[in-house]
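Single-structure report; data block below.
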Amino acid sequence: MAQRLQEDLGTPISVVNQNGGGGHVGHTYFHNMPADGSYFLASSIHPYISNAILGFDATYDLSDFAFINGQWNDYDLFAVNADTPYETLADFMAAAKDNPGRLSVSVVPGSTGAINLELALEAFGLDKTAVNIVTYQSGGAARTAVAGGQVDMTVLAADGTLSIQEYIRPLALAADTASEDWDAPTLNAALEESGYEPVPVLAGSMRGLAAHAAFKESNPEAFQQMVDAYHNALQDETFVSRLEAQDIGAEWLGPERTTEIIESNFEILKQYSPEAE
């Protein structure tokens, strides 16, 4: 993306990698850099910025960022091991209700998958004790557990779960719309079909670009120039095909929708944060 943006902006762009803390190191580095439009943040802008604010005593908050676009979005998939008898999410939840604690679910602690599991349980009138929640420190380990039958179900990022597609059965996707990759309804469609109320849609990971809020405020024309350059890049069919060939997302949400998702999801994350419990 840096190479492509150089063409529209007419200025060289260098990438500075800052690893650690689930993005927190990079977010802090960016926050401490001059807010004059010479630095932008390319990161998993959701949920990691929110998680750092809620759990890492971050020196920044959401109002410090001017989100430009969530380009690469992944959503949490509810999926069971293919050898289990559950054909729908309602089937699984009914079995959990009849046999509290017998069915197991793998999640990564603090992830959107863990929260989406809680949201779904609550929507079906259950609490966390209805299932045995097994935590893993990585999505790969949690996926291996459901693929190998060590757990009955997992709630993890859908794109990452494509690698074990033959070993699982998808039940629902925590997204606004269904996916071409998975033969499964959205979580809210599954709830409504079973006669339950919908839940807030908590997006999974969102990779994208942000500026300093102070830069947007002080120089809205230059901020818009970056927005336009980014939008142009994602309208370039040749460039988008290159991204897709590398399994990189190329979605254009724009500043308003990106910010709306992050801010609304922050309230959900805050509600289910350890401090709130």
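Chain lettering (A, B, ...) mirrors the order of the structure tokens, residue numbering begins at 1 for each chain separately, and ligand numbering begins at 1 in order of display.
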
Considering only C-alpha atoms, give me a table of residues in segment 107-181 of chain A that are at most 8 Å from segment 190-202 of chain A, with the closest atom pair and distance in Å for each, as a Markdown table.
| residue | atom | partner | partner_atom | distance |
| --- | --- | --- | --- | --- |
| A:Thr112 | CA | A:Leu202 | CA | 7.0 |
| A:Asn116 | CA | A:Leu202 | CA | 6.9 |
| A:Leu119 | CA | A:Val199 | CA | 6.8 |
| A:Ala120 | CA | A:Val199 | CA | 7.6 |
| A:Ala123 | CA | A:Tyr196 | CA | 6.6 |
| A:Phe124 | CA | A:Tyr196 | CA | 6.8 |
| A:Ala172 | CA | A:Ala190 | CA | 6.8 |
| A:Ala174 | CA | A:Val201 | CA | 6.3 |
| A:Ala175 | CA | A:Val201 | CA | 6.0 |
| A:Asp176 | CA | A:Val201 | CA | 6.8 |

*asked:* Need to verify the contact set: Tyr39 of chain A, 12 Å, only C-alpha atoms, exclusion of same-chain residues closer than 4 positions in sequence. Can you return it as a ChimeraX atom specification?
replied: /A:13-16,26-27,29-35,65,209-215,223,226

*Can you pull out every residue within 12 Å of segment 266-270 of chain A, counting only C-alpha atoms, but drop anything in the same chain fewer than 3 positions away, and send it as a ChimeraX atom specification?*
/A:45-55,61-63,110-116,118-119,199-204,259-263,273-277

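We find atom CA of Asn69 of chain A and atom CA of Tyr230 of chain A to be spaced 8.2 Å apart.
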
From a DSSP pass on the backbone, collect the residues of segment 96-264 of chain A flagged as helix (DSSP H, G or I) and hand them back as a compact mmCIF listing (two decimals) with N, CA, C and O atoms, in the first residue's frame.
# COMPACT_ATOMS: atom_id res chain seq x y z
N ALA A 96 -26.25 -27.57 24.79
CA ALA A 96 -25.56 -26.96 25.93
C ALA A 96 -26.54 -26.71 27.08
O ALA A 96 -26.19 -26.88 28.25
N LYS A 97 -27.75 -26.33 26.74
CA LYS A 97 -28.77 -26.09 27.77
C LYS A 97 -29.15 -27.39 28.48
O LYS A 97 -29.33 -27.42 29.70
N ASP A 98 -29.24 -28.47 27.73
CA ASP A 98 -29.65 -29.76 28.30
C ASP A 98 -28.51 -30.43 29.07
O ASP A 98 -28.76 -31.26 29.96
N THR A 112 -12.24 -10.96 20.31
CA THR A 112 -13.62 -10.72 19.94
C THR A 112 -14.39 -12.03 19.88
O THR A 112 -15.60 -12.07 20.13
N GLY A 113 -13.70 -13.13 19.56
CA GLY A 113 -14.35 -14.43 19.54
C GLY A 113 -14.89 -14.81 20.90
O GLY A 113 -16.00 -15.35 21.03
N ALA A 114 -14.11 -14.55 21.94
CA ALA A 114 -14.55 -14.85 23.30
C ALA A 114 -15.79 -14.03 23.66
O ALA A 114 -16.72 -14.53 24.31
N ILE A 115 -15.80 -12.76 23.24
CA ILE A 115 -16.95 -11.90 23.54
C ILE A 115 -18.16 -12.29 22.70
O ILE A 115 -19.29 -12.31 23.19
N ASN A 116 -17.93 -12.62 21.43
CA ASN A 116 -19.05 -13.05 20.59
C ASN A 116 -19.68 -14.33 21.12
O ASN A 116 -20.89 -14.52 21.01
N LEU A 117 -18.88 -15.20 21.71
CA LEU A 117 -19.43 -16.40 22.35
C LEU A 117 -20.35 -16.01 23.50
O LEU A 117 -21.47 -16.54 23.63
N GLU A 118 -19.91 -15.07 24.34
CA GLU A 118 -20.75 -14.60 25.45
C GLU A 118 -22.04 -13.97 24.94
O GLU A 118 -23.12 -14.21 25.49
N LEU A 119 -21.93 -13.16 23.89
CA LEU A 119 -23.11 -12.52 23.32
C LEU A 119 -24.12 -13.56 22.83
O LEU A 119 -25.33 -13.45 23.05
N ALA A 120 -23.61 -14.60 22.17
CA ALA A 120 -24.49 -15.64 21.64
C ALA A 120 -25.13 -16.44 22.77
O ALA A 120 -26.33 -16.74 22.73
N LEU A 121 -24.34 -16.79 23.77
CA LEU A 121 -24.89 -17.53 24.91
C LEU A 121 -26.00 -16.74 25.58
O LEU A 121 -27.08 -17.28 25.87
N GLU A 122 -25.75 -15.47 25.82
CA GLU A 122 -26.76 -14.62 26.47
C GLU A 122 -28.01 -14.51 25.61
O GLU A 122 -29.13 -14.52 26.12
N ALA A 123 -27.83 -14.40 24.30
CA ALA A 123 -28.98 -14.29 23.41
C ALA A 123 -29.86 -15.53 23.46
O ALA A 123 -31.08 -15.45 23.33
N LYS A 128 -22.08 -18.33 30.78
CA LYS A 128 -20.82 -18.98 30.42
C LYS A 128 -20.67 -20.38 31.00
O LYS A 128 -19.89 -21.18 30.49
N THR A 129 -21.40 -20.68 32.07
CA THR A 129 -21.29 -22.01 32.67
C THR A 129 -21.99 -23.08 31.84
O THR A 129 -21.83 -24.28 32.11
N ALA A 130 -22.74 -22.68 30.83
CA ALA A 130 -23.44 -23.66 29.99
C ALA A 130 -22.48 -24.47 29.15
O ALA A 130 -22.79 -25.59 28.72
N GLY A 139 -4.70 -18.24 18.00
CA GLY A 139 -5.79 -18.74 17.18
C GLY A 139 -5.45 -20.08 16.55
O GLY A 139 -6.32 -20.95 16.40
N GLY A 140 -4.18 -20.27 16.19
CA GLY A 140 -3.77 -21.53 15.59
C GLY A 140 -4.00 -22.70 16.52
O GLY A 140 -4.49 -23.76 16.09
N ALA A 141 -3.68 -22.53 17.79
CA ALA A 141 -3.87 -23.62 18.76
C ALA A 141 -5.36 -23.89 18.98
O ALA A 141 -5.79 -25.04 19.10
N ALA A 142 -6.15 -22.82 19.01
CA ALA A 142 -7.60 -22.98 19.21
C ALA A 142 -8.23 -23.68 18.01
O ALA A 142 -9.16 -24.50 18.17
N ARG A 143 -7.74 -23.40 16.82
CA ARG A 143 -8.25 -24.06 15.62
C ARG A 143 -7.85 -25.54 15.59
O ARG A 143 -8.65 -26.41 15.24
N THR A 144 -6.61 -25.81 15.96
CA THR A 144 -6.14 -27.19 16.00
C THR A 144 -6.99 -28.03 16.94
O THR A 144 -7.29 -29.19 16.67
N ALA A 145 -7.41 -27.40 18.04
CA ALA A 145 -8.21 -28.12 19.04
C ALA A 145 -9.56 -28.56 18.48
O ALA A 145 -10.00 -29.69 18.70
N VAL A 146 -10.22 -27.69 17.72
CA VAL A 146 -11.53 -28.07 17.16
C VAL A 146 -11.35 -29.01 15.97
O VAL A 146 -12.14 -29.94 15.77
N ALA A 147 -10.30 -28.79 15.18
CA ALA A 147 -10.07 -29.67 14.03
C ALA A 147 -9.77 -31.09 14.49
O ALA A 147 -10.18 -32.06 13.85
N ALA A 158 -12.80 -15.89 10.79
CA ALA A 158 -13.24 -16.77 9.71
C ALA A 158 -12.15 -17.01 8.67
O ALA A 158 -11.96 -18.14 8.21
N ASP A 159 -11.44 -15.95 8.27
CA ASP A 159 -10.42 -16.13 7.23
C ASP A 159 -9.34 -17.11 7.68
O ASP A 159 -8.92 -17.98 6.92
N GLY A 160 -8.90 -16.97 8.91
CA GLY A 160 -7.88 -17.87 9.43
C GLY A 160 -8.35 -19.30 9.53
O GLY A 160 -7.55 -20.25 9.46
N THR A 161 -9.66 -19.47 9.69
CA THR A 161 -10.21 -20.81 9.89
C THR A 161 -10.38 -21.55 8.56
O THR A 161 -10.65 -22.75 8.55
N LEU A 162 -10.21 -20.86 7.44
CA LEU A 162 -10.27 -21.53 6.14
C LEU A 162 -9.27 -22.68 6.04
O LEU A 162 -9.51 -23.64 5.32
N SER A 163 -8.17 -22.57 6.77
CA SER A 163 -7.13 -23.60 6.69
C SER A 163 -7.58 -24.94 7.24
O SER A 163 -6.97 -25.97 6.94
N ILE A 164 -8.64 -24.98 8.06
CA ILE A 164 -9.14 -26.24 8.62
C ILE A 164 -10.57 -26.52 8.15
O ILE A 164 -11.31 -27.27 8.78
N GLN A 165 -10.93 -25.94 7.02
CA GLN A 165 -12.31 -26.00 6.54
C GLN A 165 -12.85 -27.43 6.42
O GLN A 165 -14.01 -27.70 6.72
N GLU A 166 -12.01 -28.36 6.02
CA GLU A 166 -12.48 -29.73 5.81
C GLU A 166 -12.78 -30.47 7.11
O GLU A 166 -13.45 -31.50 7.10
N TYR A 167 -12.32 -29.94 8.24
CA TYR A 167 -12.48 -30.63 9.52
C TYR A 167 -13.62 -30.06 10.37
O TYR A 167 -13.87 -30.56 11.46
N LEU A 187 -24.84 -14.47 12.56
CA LEU A 187 -25.27 -14.79 13.92
C LEU A 187 -26.68 -14.29 14.18
O LEU A 187 -27.52 -15.00 14.74
N ASN A 188 -26.97 -13.08 13.76
CA ASN A 188 -28.30 -12.52 14.01
C ASN A 188 -29.38 -13.22 13.20
O ASN A 188 -30.52 -13.37 13.65
N ALA A 189 -29.04 -13.67 11.99
CA ALA A 189 -30.01 -14.44 11.21
C ALA A 189 -30.32 -15.76 11.91
O ALA A 189 -31.48 -16.21 11.96
N ALA A 190 -29.29 -16.38 12.48
CA ALA A 190 -29.49 -17.64 13.21
C ALA A 190 -30.35 -17.41 14.46
O ALA A 190 -31.21 -18.23 14.79
N LEU A 191 -30.11 -16.29 15.13
CA LEU A 191 -30.90 -15.97 16.32
C LEU A 191 -32.36 -15.70 15.96
O LEU A 191 -33.28 -16.22 16.60
N GLU A 192 -32.56 -14.89 14.95
CA GLU A 192 -33.92 -14.54 14.56
C GLU A 192 -34.70 -15.76 14.06
O GLU A 192 -35.89 -15.90 14.33
N GLU A 193 -34.02 -16.65 13.36
CA GLU A 193 -34.67 -17.88 12.88
C GLU A 193 -35.14 -18.75 14.05
O GLU A 193 -36.14 -19.47 13.94
N ALA A 213 -5.68 12.58 15.09
CA ALA A 213 -6.88 13.41 15.07
C ALA A 213 -6.52 14.89 14.99
O ALA A 213 -7.23 15.67 14.34
N ALA A 214 -5.43 15.25 15.64
CA ALA A 214 -5.01 16.66 15.62
C ALA A 214 -4.63 17.10 14.22
O ALA A 214 -4.84 18.27 13.84
N PHE A 215 -4.07 16.19 13.43
CA PHE A 215 -3.73 16.51 12.04
C PHE A 215 -4.99 16.75 11.22
O PHE A 215 -5.09 17.72 10.46
N LYS A 216 -5.97 15.89 11.38
CA LYS A 216 -7.23 16.05 10.65
C LYS A 216 -7.88 17.39 11.00
O LYS A 216 -8.41 18.10 10.12
N GLU A 217 -7.82 17.75 12.26
CA GLU A 217 -8.46 18.99 12.72
C GLU A 217 -7.73 20.22 12.20
O GLU A 217 -8.35 21.21 11.80
N SER A 218 -6.39 20.16 12.23
CA SER A 218 -5.61 21.34 11.86
C SER A 218 -5.44 21.50 10.36
O SER A 218 -5.24 22.62 9.86
N PRO A 220 -7.52 19.80 7.46
CA PRO A 220 -8.52 18.89 6.88
C PRO A 220 -8.30 18.63 5.39
O PRO A 220 -8.62 17.55 4.90
N GLU A 221 -7.71 19.63 4.66
CA GLU A 221 -7.48 19.43 3.23
C GLU A 221 -6.43 18.35 3.00
O GLU A 221 -6.59 17.49 2.12
N ALA A 222 -5.36 18.38 3.76
CA ALA A 222 -4.31 17.37 3.61
C ALA A 222 -4.81 16.00 4.06
O ALA A 222 -4.47 14.97 3.46
N PHE A 223 -5.60 15.98 5.11
CA PHE A 223 -6.20 14.71 5.55
C PHE A 223 -7.06 14.12 4.44
O PHE A 223 -6.98 12.93 4.13
N GLN A 224 -7.87 14.96 3.81
CA GLN A 224 -8.72 14.48 2.73
C GLN A 224 -7.90 14.00 1.55
O GLN A 224 -8.29 13.07 0.83
N GLN A 225 -6.74 14.61 1.34
CA GLN A 225 -5.86 14.18 0.26
C GLN A 225 -5.42 12.73 0.48
O GLN A 225 -5.38 11.93 -0.46
N MET A 226 -5.11 12.38 1.73
CA MET A 226 -4.73 11.00 2.03
C MET A 226 -5.94 10.07 1.87
O MET A 226 -5.82 8.96 1.33
N VAL A 227 -7.10 10.52 2.33
CA VAL A 227 -8.32 9.72 2.16
C VAL A 227 -8.55 9.42 0.68
O VAL A 227 -8.82 8.27 0.29
N ASP A 228 -8.44 10.45 -0.15
CA ASP A 228 -8.69 10.28 -1.58
C ASP A 228 -7.67 9.35 -2.23
O ASP A 228 -8.01 8.52 -3.08
N ALA A 229 -6.40 9.47 -1.82
CA ALA A 229 -5.36 8.61 -2.38
C ALA A 229 -5.60 7.16 -2.01
O ALA A 229 -5.43 6.25 -2.85
N TYR A 230 -5.99 6.92 -0.77
CA TYR A 230 -6.28 5.56 -0.31
C TYR A 230 -7.49 4.99 -1.07
O TYR A 230 -7.48 3.85 -1.53
N HIS A 231 -8.53 5.82 -1.20
CA HIS A 231 -9.73 5.39 -1.93
C HIS A 231 -9.39 5.06 -3.38
O HIS A 231 -9.83 4.04 -3.92
N ASN A 232 -8.59 5.91 -4.02
CA ASN A 232 -8.19 5.67 -5.40
C ASN A 232 -7.46 4.35 -5.54
O ASN A 232 -7.66 3.60 -6.51
N ALA A 233 -6.60 4.05 -4.58
CA ALA A 233 -5.83 2.80 -4.64
C ALA A 233 -6.75 1.59 -4.62
O ALA A 233 -6.55 0.61 -5.35
N GLU A 237 -8.34 -1.56 -10.18
CA GLU A 237 -8.60 -2.99 -10.33
C GLU A 237 -7.31 -3.81 -10.38
O GLU A 237 -7.25 -4.92 -9.84
N THR A 238 -6.29 -3.28 -11.02
CA THR A 238 -5.02 -4.01 -11.10
C THR A 238 -4.40 -4.16 -9.72
O THR A 238 -3.93 -5.24 -9.34
N PHE A 239 -4.41 -3.07 -8.95
CA PHE A 239 -3.84 -3.11 -7.61
C PHE A 239 -4.65 -4.03 -6.71
O PHE A 239 -4.09 -4.83 -5.96
N VAL A 240 -5.97 -3.93 -6.79
CA VAL A 240 -6.83 -4.78 -5.95
C VAL A 240 -6.62 -6.24 -6.28
O VAL A 240 -6.58 -7.10 -5.38
N SER A 241 -6.45 -6.57 -7.55
CA SER A 241 -6.21 -7.97 -7.92
C SER A 241 -4.90 -8.48 -7.35
O SER A 241 -4.79 -9.65 -6.98
N ARG A 242 -3.90 -7.59 -7.24
CA ARG A 242 -2.63 -7.98 -6.62
C ARG A 242 -2.82 -8.27 -5.15
O ARG A 242 -2.26 -9.23 -4.60
N LEU A 243 -3.62 -7.44 -4.47
CA LEU A 243 -3.90 -7.68 -3.06
C LEU A 243 -4.64 -9.01 -2.88
O LEU A 243 -4.27 -9.83 -2.03
N GLU A 244 -5.67 -9.21 -3.68
CA GLU A 244 -6.48 -10.41 -3.53
C GLU A 244 -5.68 -11.67 -3.83
O GLU A 244 -5.92 -12.73 -3.24
N ALA A 245 -4.72 -11.57 -4.75
CA ALA A 245 -3.87 -12.72 -5.06
C ALA A 245 -3.02 -13.13 -3.87
O ALA A 245 -2.58 -14.28 -3.77
N GLY A 254 -14.35 3.71 4.33
CA GLY A 254 -14.27 5.15 4.47
C GLY A 254 -14.18 5.58 5.93
O GLY A 254 -14.42 4.79 6.85
N PRO A 255 -13.81 6.84 6.16
CA PRO A 255 -13.60 7.32 7.54
C PRO A 255 -14.81 7.20 8.44
O PRO A 255 -14.70 6.76 9.59
N GLU A 256 -15.98 7.60 7.95
CA GLU A 256 -17.16 7.63 8.83
C GLU A 256 -17.58 6.23 9.27
O GLU A 256 -17.83 5.99 10.46
N ARG A 257 -17.70 5.30 8.31
CA ARG A 257 -18.14 3.95 8.67
C ARG A 257 -17.10 3.23 9.50
O ARG A 257 -17.43 2.52 10.47
N THR A 258 -15.82 3.41 9.16
CA THR A 258 -14.75 2.79 9.95
C THR A 258 -14.81 3.27 11.39
O THR A 258 -14.74 2.48 12.34
N THR A 259 -14.94 4.58 11.57
CA THR A 259 -15.00 5.16 12.92
C THR A 259 -16.24 4.68 13.66
O THR A 259 -16.18 4.36 14.86
N GLU A 260 -17.36 4.61 12.97
CA GLU A 260 -18.60 4.16 13.59
C GLU A 260 -18.46 2.73 14.13
O GLU A 260 -18.88 2.45 15.26
N ILE A 261 -17.86 1.85 13.34
CA ILE A 261 -17.68 0.46 13.78
C ILE A 261 -16.77 0.40 15.00
O ILE A 261 -17.06 -0.27 15.99
N ILE A 262 -15.65 1.10 14.94
CA ILE A 262 -14.68 1.05 16.04
C ILE A 262 -15.28 1.62 17.32
O ILE A 262 -15.13 1.03 18.40
N GLU A 263 -15.98 2.73 17.22
CA GLU A 263 -16.54 3.36 18.42
C GLU A 263 -17.67 2.53 19.02
O GLU A 263 -17.75 2.36 20.25
N SER A 264 -18.54 1.99 18.18
CA SER A 264 -19.64 1.17 18.72
C SER A 264 -19.11 -0.13 19.30
O SER A 264 -19.59 -0.60 20.35

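In this model, the gap between atom CA of Phe78 of chain A and atom CA of Val134 of chain A comes to 14.5 Å.
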
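In this structure, atom CA of Tyr136 of chain A sits 6.2 Å away from atom CA of Val107 of chain A.
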
Using only C-alpha atoms, find each residue of segment 56-146 of chain A with at least one atom at most 12 Å away from an atom of segment 177-181 of chain A; report its shortest atom-to-atom pair and that distance in Å (one decimal), sort the rows by chain and rising residue number, and return the result as JSON lines.
{"residue": "A:Asn73", "atom": "CA", "partner": "A:Ser179", "partner_atom": "CA", "distance": 11.9}
{"residue": "A:Asp74", "atom": "CA", "partner": "A:Ser179", "partner_atom": "CA", "distance": 10.5}
{"residue": "A:Tyr75", "atom": "CA", "partner": "A:Ser179", "partner_atom": "CA", "distance": 9.5}
{"residue": "A:Asp76", "atom": "CA", "partner": "A:Ser179", "partner_atom": "CA", "distance": 11.2}
{"residue": "A:Leu77", "atom": "CA", "partner": "A:Ser179", "partner_atom": "CA", "distance": 10.2}

Selected residues written out, all heavy atoms, as a JSON list (two decimals), in the first residue's frame:
[["chain", "number", "residue", "atom", "x", "y", "z"],
["A", 73, "ASN", "N", -10.89, -6.76, 6.68],
["A", 73, "ASN", "CA", -11.76, -7.10, 7.80],
["A", 73, "ASN", "C", -11.99, -8.61, 7.88],
["A", 73, "ASN", "O", -12.21, -9.27, 6.86],
["A", 73, "ASN", "CB", -13.11, -6.39, 7.65],
["A", 73, "ASN", "CG", -12.95, -4.88, 7.63],
["A", 73, "ASN", "OD1", -12.77, -4.27, 8.67],
["A", 73, "ASN", "ND2", -13.00, -4.27, 6.45],
["A", 74, "ASP", "N", -11.93, -9.10, 9.08],
["A", 74, "ASP", "CA", -12.22, -10.52, 9.33],
["A", 74, "ASP", "C", -13.28, -10.60, 10.42],
["A", 74, "ASP", "O", -13.33, -9.74, 11.30],
["A", 74, "ASP", "CB", -10.95, -11.26, 9.76],
["A", 74, "ASP", "CG", -11.06, -12.76, 9.53],
["A", 74, "ASP", "OD1", -12.14, -13.22, 9.12],
["A", 74, "ASP", "OD2", -10.06, -13.47, 9.77],
["A", 75, "TYR", "N", -14.10, -11.62, 10.34],
["A", 75, "TYR", "CA", -15.22, -11.75, 11.26],
["A", 75, "TYR", "C", -15.16, -13.11, 11.93],
["A", 75, "TYR", "O", -14.61, -14.07, 11.38],
["A", 75, "TYR", "CB", -16.55, -11.57, 10.52],
["A", 75, "TYR", "CG", -16.66, -10.23, 9.84],
["A", 75, "TYR", "CD1", -16.26, -10.07, 8.51],
["A", 75, "TYR", "CD2", -17.11, -9.12, 10.54],
["A", 75, "TYR", "CE1", -16.33, -8.82, 7.90],
["A", 75, "TYR", "CE2", -17.18, -7.88, 9.94],
["A", 75, "TYR", "CZ", -16.79, -7.73, 8.62],
["A", 75, "TYR", "OH", -16.85, -6.50, 8.02],
["A", 76, "ASP", "N", -15.73, -13.19, 13.13],
["A", 76, "ASP", "CA", -15.65, -14.42, 13.90],
["A", 76, "ASP", "C", -16.65, -15.45, 13.40],
["A", 76, "ASP", "O", -17.82, -15.15, 13.15],
["A", 76, "ASP", "CB", -15.90, -14.13, 15.39],
["A", 76, "ASP", "CG", -14.76, -13.37, 16.02],
["A", 76, "ASP", "OD1", -13.59, -13.64, 15.67],
["A", 76, "ASP", "OD2", -15.01, -12.47, 16.85],
["A", 77, "LEU", "N", -16.15, -16.68, 13.29],
["A", 77, "LEU", "CA", -16.96, -17.79, 12.82],
["A", 77, "LEU", "C", -17.23, -18.75, 13.98],
["A", 77, "LEU", "O", -16.31, -19.12, 14.71],
["A", 77, "LEU", "CB", -16.22, -18.54, 11.71],
["A", 77, "LEU", "CG", -16.93, -19.75, 11.11],
["A", 77, "LEU", "CD1", -18.08, -19.29, 10.21],
["A", 77, "LEU", "CD2", -15.94, -20.62, 10.32]]

*Could you tell me, as a VMD selection string, which residues of segment 52-250 of chain A DSSP assigns to strand (DSSP E) when given the backbone?*
chain A and resid 65 to 73 76 to 81 104 to 107 132 to 135 153 to 157 168 to 174 206 to 212

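Residue nearest Ala90 of chain A within the list A:Leu126, A:Ala58, A:Val25, A:Leu171: A:Leu171 [criterion: smallest interatomic distance, only C-alpha atoms].
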
Find the residues around Leu103 of chain A up to 7 Å (only C-alpha atoms counted), leave out those fewer than 2 positions away in its own chain, and share them as an mmCIF file with N, CA and C atoms, in the first residue's frame.
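Once everything was written out, this is selection-v4.cif:
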data_model
loop_
_atom_site.group_PDB
_atom_site.id
_atom_site.type_symbol
_atom_site.label_atom_id
_atom_site.label_comp_id
_atom_site.auth_asym_id
_atom_site.auth_seq_id
_atom_site.Cartn_x
_atom_site.Cartn_y
_atom_site.Cartn_z
ATOM 1 N N ALA A 96 -26.249 -27.574 24.789
ATOM 2 C CA ALA A 96 -25.563 -26.960 25.927
ATOM 3 C C ALA A 96 -26.537 -26.714 27.078
ATOM 4 N N GLY A 101 -22.156 -27.495 30.763
ATOM 5 C CA GLY A 101 -20.741 -27.739 30.988
ATOM 6 C C GLY A 101 -20.157 -28.909 30.240
ATOM 7 N N VAL A 105 -15.734 -25.267 24.136
ATOM 8 C CA VAL A 105 -15.540 -24.263 23.086
ATOM 9 C C VAL A 105 -14.151 -23.659 23.248
ATOM 10 N N VAL A 131 -21.290 -23.897 28.875
ATOM 11 C CA VAL A 131 -20.278 -24.607 28.102
ATOM 12 C C VAL A 131 -18.952 -24.564 28.851
ATOM 13 N N ASN A 132 -18.061 -25.448 28.479
ATOM 14 C CA ASN A 132 -16.712 -25.463 29.031
ATOM 15 C C ASN A 132 -15.826 -24.644 28.100
ATOM 16 N N ASP A 152 -15.482 -29.170 21.088
ATOM 17 C CA ASP A 152 -16.618 -29.339 20.182
ATOM 18 C C ASP A 152 -16.780 -28.172 19.219
#

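Shortest separation to Ala157 of chain A among A:Gln3, A:Ser205, A:Asn219, A:Gln137 occurs at residue A:Ser205, atoms counted being only C-alpha atoms.
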